[in-house]
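Peer 1: What follows is start-v1.cif; its format and atoms are mmCIF, C-alpha atoms.
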```cif
data_model
loop_
_atom_site.label_atom_id
_atom_site.label_comp_id
_atom_site.auth_asym_id
_atom_site.auth_seq_id
_atom_site.Cartn_x
_atom_site.Cartn_y
_atom_site.Cartn_z
CA MET A 1 106.57 331.57 235.97
CA LYS A 2 109.61 333.82 235.73
CA MET A 3 109.92 337.59 236.11
CA ASP A 4 113.02 339.71 235.52
CA LEU A 5 113.46 342.92 237.51
CA THR A 6 116.26 345.35 236.62
CA ASP A 7 117.57 348.03 238.98
CA THR A 8 114.96 347.05 241.54
CA THR A 9 114.41 347.02 245.31
CA SER A 10 113.47 344.45 247.94
CA SER A 11 109.96 345.90 248.13
CA LYS A 12 109.38 345.41 244.40
CA ILE A 13 110.71 341.86 244.64
CA ASN A 14 108.22 341.04 247.41
CA ASN A 15 105.40 342.45 245.30
CA ALA A 16 106.52 340.33 242.36
CA LEU A 17 106.45 337.20 244.56
CA VAL A 18 102.88 337.96 245.63
CA GLN A 19 101.79 338.61 242.05
CA GLY A 20 103.46 335.40 240.88
CA ARG A 21 101.68 333.29 243.51
CA ARG A 22 98.34 334.81 242.57
CA ALA A 23 99.00 334.26 238.87
CA ILE A 24 99.58 330.53 239.31
CA GLY A 25 96.68 330.21 241.76
CA THR A 26 98.60 329.41 244.96
CA PRO A 27 98.31 332.48 247.21
CA ALA A 28 99.04 330.48 250.40
CA ILE A 29 102.63 330.12 251.57
CA GLY A 30 103.56 326.53 252.42
CA MET A 31 107.30 326.92 252.88
CA VAL A 32 109.15 325.81 256.00
CA LEU A 33 112.39 327.80 255.79
CA THR A 34 114.45 330.35 253.88
CA LEU A 35 117.58 329.04 252.18
CA VAL A 36 120.11 331.76 251.32
CA ILE A 37 122.73 330.62 248.79
CA VAL A 38 125.80 332.85 248.56
CA THR A 39 127.82 332.03 245.47
CA ASP A 40 129.31 333.36 242.26
CA GLU A 41 128.00 333.23 238.73
CA GLU A 42 130.09 330.17 237.86
CA HIS A 43 128.61 327.94 240.58
CA ALA A 44 125.12 329.46 240.78
CA TYR A 45 123.47 327.01 238.36
CA ASP A 46 124.71 323.85 240.09
CA ALA A 47 123.95 325.23 243.56
CA LEU A 48 120.41 326.23 242.60
CA LYS A 49 119.80 322.87 240.93
CA ALA A 50 120.82 321.07 244.12
CA ALA A 51 118.65 323.39 246.23
CA ASN A 52 115.63 322.79 243.99
CA GLU A 53 116.02 319.03 244.38
CA ALA A 54 116.40 319.38 248.16
CA SER A 55 113.27 321.55 248.25
CA ARG A 56 111.14 318.52 247.35
CA GLU A 57 111.75 317.41 250.91
CA HIS A 58 111.99 320.90 252.42
CA PRO A 59 109.75 323.44 250.62
CA SER A 60 111.58 326.73 250.95
CA ARG A 61 112.14 330.20 249.66
CA LYS A 62 115.54 330.17 247.97
CA LEU A 63 117.46 333.43 247.78
CA VAL A 64 120.54 333.19 245.56
CA VAL A 65 122.96 336.04 246.29
CA ILE A 66 125.46 336.67 243.47
CA LYS A 67 127.95 339.49 243.98
CA ARG A 68 128.96 340.87 240.58
CA VAL A 69 132.15 342.91 240.19
CA SER A 70 131.92 345.45 237.38
CA ARG A 71 134.84 345.97 235.04
CA SER A 72 135.11 349.77 235.16
CA MET A 73 135.72 351.85 238.28
CA ARG A 74 132.72 354.06 237.47
CA ASP A 75 130.37 351.08 237.30
CA ARG A 76 131.75 349.67 240.53
CA ALA A 77 130.74 352.83 242.37
CA LYS A 78 127.16 352.60 241.09
CA ALA A 79 124.88 350.49 243.29
CA ARG A 80 122.36 348.33 241.48
CA LEU A 81 120.20 345.32 242.26
CA ASP A 82 118.84 343.02 239.56
CA ALA A 83 116.51 340.16 240.41
CA GLU A 84 115.02 337.11 238.77
CA VAL A 85 111.83 335.89 240.45
CA ARG A 86 110.68 332.33 239.84
CA VAL A 87 107.51 330.71 241.13
CA GLY A 88 105.72 327.51 240.21
CA THR A 89 107.41 324.64 238.43
CA SER A 90 110.49 326.70 237.50
CA ALA A 91 111.29 327.21 241.20
CA GLY A 92 111.14 323.62 242.43
CA THR A 93 108.98 323.33 245.53
CA GLY A 94 108.67 326.87 246.84
CA GLU A 95 109.97 330.14 245.44
CA THR A 96 113.30 331.28 244.04
CA VAL A 97 114.79 334.76 243.83
CA VAL A 98 118.16 335.21 242.11
CA LEU A 99 119.72 338.47 243.34
CA ARG A 100 122.61 340.05 241.43
CA LEU A 101 124.34 342.78 243.36
CA TYR A 102 126.51 345.48 241.78
CA GLY A 103 128.60 348.31 243.18
CA ASP A 104 128.34 349.46 246.77
CA VAL A 105 125.30 347.29 247.47
CA ILE A 106 127.66 344.28 247.50
CA ASP A 107 128.87 345.36 250.94
CA HIS A 108 125.28 345.52 252.24
CA ALA A 109 123.84 342.24 250.98
CA GLN A 110 122.13 341.63 254.34
CA SER A 111 120.00 344.77 253.81
CA VAL A 112 118.72 343.29 250.55
CA VAL A 113 118.10 339.81 251.93
CA LEU A 114 116.50 340.72 255.28
CA PRO A 115 113.15 342.01 253.87
CA LEU A 116 112.85 338.85 251.74
CA LEU A 117 113.10 336.31 254.58
CA LEU A 118 110.00 334.30 255.38
CA PRO A 119 108.45 335.52 258.64
CA ASP A 120 108.73 333.19 261.67
CA ALA A 121 110.70 330.59 259.69
CA PRO A 122 114.27 329.30 260.15
CA VAL A 123 117.01 330.72 257.98
CA VAL A 124 119.83 328.60 256.54
CA VAL A 125 122.80 330.15 254.71
CA TRP A 126 124.85 327.97 252.36
CA TRP A 127 128.18 328.86 250.77
CA PRO A 128 128.91 326.28 248.01
CA VAL A 129 132.30 327.97 247.45
CA GLY A 130 134.20 330.89 248.95
CA ALA A 131 132.86 330.61 252.49
CA PRO A 132 134.03 333.28 254.97
CA VAL A 133 136.61 332.34 257.59
CA ASN A 134 134.09 333.02 260.36
CA PRO A 135 130.58 332.28 259.03
CA GLU A 136 128.83 333.46 262.21
CA LYS A 137 130.39 336.94 261.93
CA ASP A 138 129.52 337.29 258.26
CA PRO A 139 126.63 339.77 257.76
CA LEU A 140 124.54 337.13 255.98
CA GLY A 141 125.61 334.34 258.32
CA ALA A 142 124.44 336.41 261.28
CA LEU A 143 120.87 336.16 259.96
CA ALA A 144 120.85 332.34 260.05
CA GLN A 145 120.26 329.60 262.60
CA ARG A 146 122.27 327.20 260.44
CA ARG A 147 125.40 327.96 258.37
CA VAL A 148 126.52 325.38 255.79
CA THR A 149 129.99 325.43 254.23
CA ASP A 150 132.03 322.94 252.20
CA THR A 151 135.73 322.62 253.01
CA TYR A 152 136.16 320.27 250.03
CA ALA A 153 135.74 323.28 247.72
CA ALA A 154 138.57 325.21 249.41
CA GLU A 155 142.02 325.57 247.85
CA ASP A 156 143.65 324.14 250.99
CA PRO A 157 141.06 321.85 252.63
CA LEU A 158 143.12 321.00 255.72
CA ALA A 159 143.82 324.65 256.48
CA GLU A 160 140.11 325.30 256.01
CA VAL A 161 139.22 322.56 258.51
CA THR A 162 141.60 324.12 261.05
CA ALA A 163 140.03 327.54 260.47
CA ARG A 164 136.54 326.08 260.94
CA ALA A 165 137.63 324.64 264.29
CA ALA A 166 139.11 327.97 265.42
CA HIS A 167 135.96 329.93 264.56
CA TYR A 168 133.28 327.33 265.25
CA ALA A 169 129.93 328.61 266.53
CA PRO A 170 126.77 326.59 267.31
CA GLY A 171 124.87 326.18 264.05
CA ASP A 172 127.95 325.77 261.82
CA THR A 173 128.22 322.63 259.73
CA ASP A 174 130.17 321.32 256.77
CA LEU A 175 129.11 319.17 253.81
CA ALA A 176 132.44 317.37 254.15
CA TRP A 177 131.09 316.17 257.53
CA THR A 178 127.69 315.30 256.06
CA ARG A 179 129.37 313.04 253.50
CA ILE A 180 130.64 310.68 256.19
CA THR A 181 127.27 310.12 257.91
CA PRO A 182 126.79 306.66 256.27
CA TRP A 183 130.34 305.70 257.23
CA ARG A 184 129.82 306.72 260.86
CA SER A 185 126.50 304.90 261.00
CA MET A 186 128.00 301.72 259.55
CA LEU A 187 131.04 301.77 261.87
CA ALA A 188 128.91 302.40 264.95
CA ALA A 189 126.56 299.55 263.97
CA ALA A 190 129.53 297.22 263.42
CA LEU A 191 130.90 297.93 266.89
CA ASP A 192 127.45 297.42 268.37
CA GLN A 193 127.40 293.87 267.01
CA GLN A 194 130.54 292.88 268.90
CA GLN A 195 131.66 294.23 272.26
CA VAL A 196 135.36 294.61 271.49
CA ASP A 197 138.22 296.86 272.58
CA VAL A 198 139.52 299.02 269.74
CA VAL A 199 143.26 299.66 270.08
CA SER A 200 144.00 301.64 266.88
CA ALA A 201 142.41 302.71 263.61
CA GLU A 202 143.30 303.85 260.13
CA VAL A 203 141.30 305.98 257.67
CA GLU A 204 142.23 305.77 254.00
CA GLY A 205 141.13 308.14 251.25
CA GLU A 206 142.08 310.84 248.77
CA GLY A 207 144.76 313.18 250.02
CA TYR A 208 142.87 316.43 249.39
CA ASN A 209 139.58 315.15 250.82
CA PRO A 210 138.77 316.71 254.24
CA SER A 211 136.06 314.10 254.90
CA CYS A 212 138.86 311.64 255.63
CA GLU A 213 140.34 313.92 258.30
CA LEU A 214 136.93 314.53 259.83
CA LEU A 215 136.19 310.80 260.02
CA ALA A 216 139.62 310.14 261.54
CA MET A 217 139.09 312.91 264.11
CA TRP A 218 135.66 311.52 264.96
CA LEU A 219 137.11 308.04 265.58
CA ALA A 220 140.00 309.41 267.64
CA ASP A 221 137.68 311.63 269.66
CA ARG A 222 135.06 308.95 270.33
CA LEU A 223 137.35 305.95 270.87
CA GLY A 224 140.39 307.64 272.40
CA VAL A 225 142.86 305.60 270.32
CA PRO A 226 145.61 306.52 267.82
CA VAL A 227 144.18 307.01 264.34
CA LYS A 228 146.38 306.93 261.25
CA ARG A 229 145.47 308.90 258.13
CA ALA A 230 146.52 307.09 254.94
CA VAL A 231 146.34 308.41 251.38
CA SER A 232 144.86 306.45 248.48
CA ASP A 233 143.86 307.19 244.89
CA GLY A 234 140.18 307.35 245.83
CA PRO A 235 137.48 307.90 244.85
CA GLY A 236 136.71 309.70 248.10
CA LEU A 237 136.97 307.60 251.24
CA THR A 238 138.16 304.11 250.42
CA ALA A 239 138.62 302.20 253.70
CA VAL A 240 138.51 302.28 257.49
CA ARG A 241 140.43 299.67 259.49
CA MET A 242 140.03 299.25 263.24
CA GLU A 243 142.34 296.93 265.12
CA THR A 244 140.64 295.21 268.04
CA ARG A 245 141.77 292.60 270.55
CA ASN A 246 139.66 290.04 268.65
CA GLY A 247 140.97 290.95 265.20
CA PRO A 248 140.55 293.71 262.59
CA VAL A 249 137.23 295.32 261.66
CA VAL A 250 137.49 296.59 258.07
CA LEU A 251 135.05 298.65 256.00
CA ASP A 252 136.48 298.76 252.48
CA ARG A 253 134.99 300.67 249.53
CA PRO A 254 137.40 300.64 246.57
CA ASN A 255 134.96 301.72 243.84
CA GLY A 256 132.83 304.44 245.48
CA THR A 257 129.59 302.43 245.38
CA LEU A 258 129.73 299.03 247.11
CA ALA A 259 131.63 298.41 250.34
CA THR A 260 132.66 295.22 252.11
CA LEU A 261 132.42 294.88 255.88
CA CYS A 262 134.80 292.34 257.43
CA MET A 263 134.49 291.41 261.11
CA PRO A 264 136.20 288.72 263.21
CA GLY A 265 134.25 285.47 263.36
CA GLN A 266 131.67 286.59 260.79
CA PRO A 267 131.42 286.18 257.00
CA ASP A 268 132.21 289.21 254.85
CA ARG A 269 129.14 291.14 253.82
CA ALA A 270 128.49 293.65 251.04
CA VAL A 271 126.89 296.96 252.03
CA ALA A 272 125.64 299.81 249.85
CA LEU A 273 127.76 302.90 250.44
CA ASN A 274 127.22 305.13 247.41
CA ARG A 275 128.79 308.54 247.08
CA ARG A 276 125.92 310.99 247.41
CA GLU A 277 125.06 314.04 245.33
CA THR A 278 125.06 317.56 246.75
CA ALA A 279 121.25 317.70 246.80
CA GLU A 280 121.10 314.68 249.15
CA LEU A 281 123.74 316.20 251.42
CA LEU A 282 121.90 319.52 251.57
CA ALA A 283 118.57 317.81 252.27
CA GLU A 284 120.16 315.94 255.19
CA GLU A 285 121.48 319.16 256.71
CA LEU A 286 118.10 320.86 256.35
CA ARG A 287 116.51 318.11 258.44
CA ARG A 288 118.50 319.25 261.44
CA LEU A 289 118.50 322.92 262.46
CA ASP A 290 119.88 322.54 266.00
CA PRO A 291 123.63 322.61 266.77
CA ASP A 292 125.50 319.40 265.96
CA ILE A 293 127.61 318.80 269.08
CA THR A 294 129.12 315.61 267.63
CA TYR A 295 130.54 317.61 264.72
CA GLU A 296 131.80 320.25 267.12
CA SER A 297 133.60 317.69 269.27
CA ALA A 298 135.23 315.98 266.29
CA LEU A 299 136.20 319.27 264.65
CA LYS A 300 137.84 320.64 267.77
CA TYR A 301 139.87 317.45 268.23
CA GLY A 302 142.28 318.94 265.71
CA VAL A 303 143.91 317.72 262.50
CA GLU A 304 147.37 318.14 264.02
CA ARG A 305 146.59 315.51 266.67
CA LEU A 306 145.98 312.73 264.18
CA SER A 307 148.54 309.96 264.57
CA GLN A 308 150.83 308.76 261.83
CA GLY A 309 150.73 305.25 263.26
CA SER A 310 153.40 305.88 265.92
CA GLY A 311 152.77 305.97 269.64
CA LYS A 312 151.55 303.38 272.09
CA ALA A 313 148.04 302.17 271.36
CA SER A 314 145.68 301.89 274.28
CA GLY A 315 142.36 300.07 274.39
CA ALA A 316 139.02 301.78 274.74
CA ALA A 317 135.57 300.32 274.90
CA ALA A 318 133.59 300.83 271.70
CA PRO A 319 130.71 303.28 272.13
CA LYS A 320 127.19 301.97 271.87
CA ALA A 321 125.38 302.98 268.70
CA SER A 322 122.36 305.08 269.51
CA GLU A 323 119.13 305.21 267.60
CA ASP A 324 120.69 307.94 265.45
CA ALA A 325 124.20 306.50 265.17
CA GLY A 326 125.20 308.92 262.45
CA LYS A 327 124.65 311.91 264.73
CA ALA A 328 125.07 310.51 268.23
CA ASP A 329 125.07 313.24 270.85
CA GLU A 330 125.92 311.18 273.94
CA PRO A 331 129.56 311.37 275.07
CA ALA A 332 131.73 308.30 274.62
CA PRO A 333 133.13 306.41 277.61
CA GLU A 334 136.25 307.99 279.04
CA ALA A 335 139.40 306.75 277.36
CA PRO A 336 143.01 307.92 276.91
CA GLU A 337 143.52 310.56 274.26
CA ALA A 338 145.31 309.68 271.03
CA ALA A 339 149.05 310.24 270.98
CA GLU A 340 150.09 313.50 269.40
CA ALA A 341 152.03 313.48 266.14
CA PRO A 342 154.48 316.12 264.96
CA ALA A 343 152.65 316.86 261.70
CA PRO A 344 149.19 316.39 260.17
CA ALA A 345 148.42 313.87 257.48
CA PRO A 346 149.57 314.80 253.97
CA ALA A 347 147.05 316.54 251.78
CA LYS A 348 146.89 317.80 248.25
CA LYS A 349 145.23 320.99 247.21
CA ALA A 350 141.88 320.77 245.48
CA THR A 351 142.22 321.06 241.74
CA GLY A 352 138.79 322.33 240.85
CA LYS A 353 137.05 318.99 241.25
CA LYS A 354 133.50 319.27 242.35
CA ALA A 355 132.57 317.19 245.33
CA ALA A 356 130.13 314.44 244.76
CA GLY A 357 128.66 312.83 247.90
CA LYS A 358 131.07 310.60 249.71
#
```
Taking this structure as input, can you express it in the form of structure tokens?

Peer 2:
Amino acid sequence: MKMDLTDTTSSKINNALVQGRRAIGTPAIGMVLTLVIVTDEEHAYDALKAANEASREHPSRKLVVIKRVSRSMRDRAKARLDAEVRVGTSAGTGETVVLRLYGDVIDHAQSVVLPLLLPDAPVVVWWPVGAPVNPEKDPLGALAQRRVTDTYAAEDPLAEVTARAAHYAPGDTDLAWTRITPWRSMLAAALDQQQVDVVSAEVEGEGYNPSCELLAMWLADRLGVPVKRAVSDGPGLTAVRMETRNGPVVLDRPNGTLATLCMPGQPDRAVALNRRETAELLAEELRRLDPDITYESALKYGVERLSQGSGKASGAAAPKASEDAGKADEPAPEAPEAAEAPAPAPAKKATGKKAAGK
């Protein structure tokens, strides 16, 4: 069921939601959170499609905030709110409200969204593109327990990663970090199988892909060894090589689907490592609403500290993989920090490519 409301208010939108639930015969609310999507008209369809797919796992009320800029100066001064209310099968699992803001109301989006939040339920704000420099200080971000951005969609991903580190607040996360969860899990499991000393590492992937920098920073932060960032043609992350005293440990994925894990003294094995869609990444982030201290530690390590392969390598014991290796919260054993390098790894600017899961 779909209802269009022109020049409306938050109160009328709430009434429309109640009427819609009664019309389809489901007056009870069974949603677990409110997902606020802040985007533009160009990316609204894809973002809402991903949110609807993620809502199968996390039934939610989805509020899509689209800030429209009018062409004429007179129209820009006129505040107006249009809404599209969807309930039932057209809204995935839960409810959807598409809010289009015009004029002065653009600067007060939080006043529109606040009355529409589910009572006593967590709030997650997601910026598919155009995230603010400091999400916590954003008026909409201040309403949320969890703030999801995507540095892959930025014009300069590496500068965006640095800005995220400078303005990090508990509850911030990045889909570029979510994309490397399978890689981190696989690498932690590999080091659990053999108690070896890692002396250096190398992360290889597309030049404009911030997931590569985040994975390299995670390895450098957890292992305390020099990590080199290498550039390949992709797609996405293509390989991680860790030099140990027993020989190299290599996780190689040249085609974006199937990877090969090579370890000293063991036969090579094929592992599934598909690049995931945005809906899967968003569903993973919605499973966890508490601060991710592993992401914080890796992010604050700093892109500028990544090694270019120079510097003396020093051994460090590999950390034990925990039950949740992809999001381990226990600190790694103390080890020397990676040698500083004069410049960060090379990176290209994003060219409008949309990020599939890595």

Peer 1: When you draw a straight line from atom CA of A:Asp7 to atom CA of A:Gly88, how long is it in Å?

Peer 2: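 Atom-to-atom, atom CA of A:Asp7 and atom CA of A:Gly88 are spaced 23.7 Å apart.
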
Peer 1: Evaluate the PyMOL selection byres ((chain A and resi 46) around 12) against this structure - the residues, as a VMD selection string, please.

Peer 2: chain A and resid 37 39 to 45 47 to 53 64 128 to 129 277 to 279 354 to 356

Peer 1: Could you check the closest approach to A:Leu63 for each of A:Ile106, A:Val198, A:Ile180, A:Leu116 and tell me which residue wins, using all atoms listed in the file?

Peer 2: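 Closest to A:Leu63 of all the choices is A:Leu116.
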
Peer 1: Find, counting only C-alpha atoms, the residue in A:Leu258, A:Val38, A:Val32, A:Cys212 that gets nearest to A:His58.

Peer 2: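 Selected residue with least distance to A:His58: A:Val32.
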
Peer 1: Check which residues satisfy the PyMOL selection byres ((chain A and resi 289-300) around 9) in the file shown, then give them as a PyMOL selection string.

Peer 2: chain A and resi 122+124+145-146+161-162+164-166+168-174+177+214-222+285-288+301-303+327-331

Peer 1: Go ahead and write the residues just picked, C-alpha atoms, as a compact mmCIF listing (two decimals), keeping the file's coordinate frame.

Peer 2:
```
# COMPACT_ATOMS: atom_id res chain seq x y z
CA PRO A 122 114.27 329.30 260.15
CA VAL A 124 119.83 328.60 256.54
CA GLN A 145 120.26 329.60 262.60
CA ARG A 146 122.27 327.20 260.44
CA VAL A 161 139.22 322.56 258.51
CA THR A 162 141.60 324.12 261.05
CA ARG A 164 136.54 326.08 260.94
CA ALA A 165 137.63 324.64 264.29
CA ALA A 166 139.11 327.97 265.42
CA TYR A 168 133.28 327.33 265.25
CA ALA A 169 129.93 328.61 266.53
CA PRO A 170 126.77 326.59 267.31
CA GLY A 171 124.87 326.18 264.05
CA ASP A 172 127.95 325.77 261.82
CA THR A 173 128.22 322.63 259.73
CA ASP A 174 130.17 321.32 256.77
CA TRP A 177 131.09 316.17 257.53
CA LEU A 214 136.93 314.53 259.83
CA LEU A 215 136.19 310.80 260.02
CA ALA A 216 139.62 310.14 261.54
CA MET A 217 139.09 312.91 264.11
CA TRP A 218 135.66 311.52 264.96
CA LEU A 219 137.11 308.04 265.58
CA ALA A 220 140.00 309.41 267.64
CA ASP A 221 137.68 311.63 269.66
CA ARG A 222 135.06 308.95 270.33
CA GLU A 285 121.48 319.16 256.71
CA LEU A 286 118.10 320.86 256.35
CA ARG A 287 116.51 318.11 258.44
CA ARG A 288 118.50 319.25 261.44
CA TYR A 301 139.87 317.45 268.23
CA GLY A 302 142.28 318.94 265.71
CA VAL A 303 143.91 317.72 262.50
CA LYS A 327 124.65 311.91 264.73
CA ALA A 328 125.07 310.51 268.23
CA ASP A 329 125.07 313.24 270.85
CA GLU A 330 125.92 311.18 273.94
CA PRO A 331 129.56 311.37 275.07
```

Peer 1: What's the 12 Å shell around A:Thr89, counting only C-alpha atoms, without same-chain residues fewer than 5 positions away, as a PyMOL selection string?

Peer 2: chain A and resi 1-2+20-21+24+26+52-53+55-56+94-96

Peer 1: Just how far from atom CA of A:Arg276 is atom CA of A:Arg229, in Å to one decimal?

Peer 2: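 That distance, rounded to one decimal, is 22.4 Å.
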
Peer 1: Can you save stretch 26-89 of chain A of the given block to a file, including C-alpha atoms and formatted as a tab-separated table (two decimals), in the first residue's frame?

Peer 2:
```
chain	number	residue	atom	x	y	z
A	26	THR	CA	-1.49	-5.52	10.78
A	27	PRO	CA	-2.06	-2.92	13.51
A	28	ALA	CA	0.77	-4.29	15.72
A	29	ILE	CA	4.27	-2.90	15.31
A	30	GLY	CA	6.92	-5.62	15.01
A	31	MET	CA	9.91	-3.51	14.05
A	32	VAL	CA	13.20	-3.57	15.93
A	33	LEU	CA	14.83	-0.28	14.86
A	34	THR	CA	14.53	2.90	12.83
A	35	LEU	CA	16.84	3.20	9.83
A	36	VAL	CA	17.29	6.78	8.59
A	37	ILE	CA	18.76	6.97	5.08
A	38	VAL	CA	20.13	10.38	4.11
A	39	THR	CA	20.74	10.56	0.38
A	40	ASP	CA	19.96	12.39	-2.84
A	41	GLU	CA	17.44	11.61	-5.53
A	42	GLU	CA	20.04	9.88	-7.72
A	43	HIS	CA	21.00	7.26	-5.12
A	44	ALA	CA	17.67	6.95	-3.29
A	45	TYR	CA	16.37	3.98	-5.30
A	46	ASP	CA	19.47	1.81	-4.84
A	47	ALA	CA	19.77	2.72	-1.15
A	48	LEU	CA	16.13	1.91	-0.44
A	49	LYS	CA	16.36	-1.36	-2.36
A	50	ALA	CA	19.33	-2.42	-0.23
A	51	ALA	CA	17.52	-1.36	2.96
A	52	ASN	CA	14.43	-3.35	2.00
A	53	GLU	CA	16.52	-6.48	1.48
A	54	ALA	CA	18.31	-5.94	4.81
A	55	SER	CA	14.93	-5.49	6.52
A	56	ARG	CA	14.17	-9.19	5.96
A	57	GLU	CA	16.67	-9.82	8.72
A	58	HIS	CA	16.01	-6.61	10.65
A	59	PRO	CA	12.37	-5.45	10.39
A	60	SER	CA	12.54	-1.69	10.62
A	61	ARG	CA	10.93	1.63	9.90
A	62	LYS	CA	12.90	3.17	7.05
A	63	LEU	CA	12.94	6.95	6.76
A	64	VAL	CA	14.52	8.16	3.52
A	65	VAL	CA	15.52	11.82	3.78
A	66	ILE	CA	16.01	13.51	0.39
A	67	LYS	CA	16.98	17.18	0.43
A	68	ARG	CA	15.71	18.82	-2.77
A	69	VAL	CA	17.19	22.11	-3.96
A	70	SER	CA	14.70	24.21	-5.92
A	71	ARG	CA	15.77	26.02	-9.06
A	72	SER	CA	14.41	29.49	-8.32
A	73	MET	CA	15.34	31.66	-5.35
A	74	ARG	CA	11.67	32.18	-4.49
A	75	ASP	CA	11.02	28.44	-4.30
A	76	ARG	CA	14.12	27.90	-2.20
A	77	ALA	CA	12.76	30.23	0.46
A	78	LYS	CA	9.47	28.33	0.65
A	79	ALA	CA	9.52	25.43	3.11
A	80	ARG	CA	7.67	22.31	2.06
A	81	LEU	CA	7.60	18.65	3.01
A	82	ASP	CA	6.34	15.94	0.67
A	83	ALA	CA	6.09	12.33	1.79
A	84	GLU	CA	5.52	8.91	0.30
A	85	VAL	CA	4.25	6.36	2.82
A	86	ARG	CA	4.61	2.66	2.03
A	87	VAL	CA	3.35	-0.24	4.12
A	88	GLY	CA	2.90	-3.91	3.36
A	89	THR	CA	4.71	-5.68	0.55
```
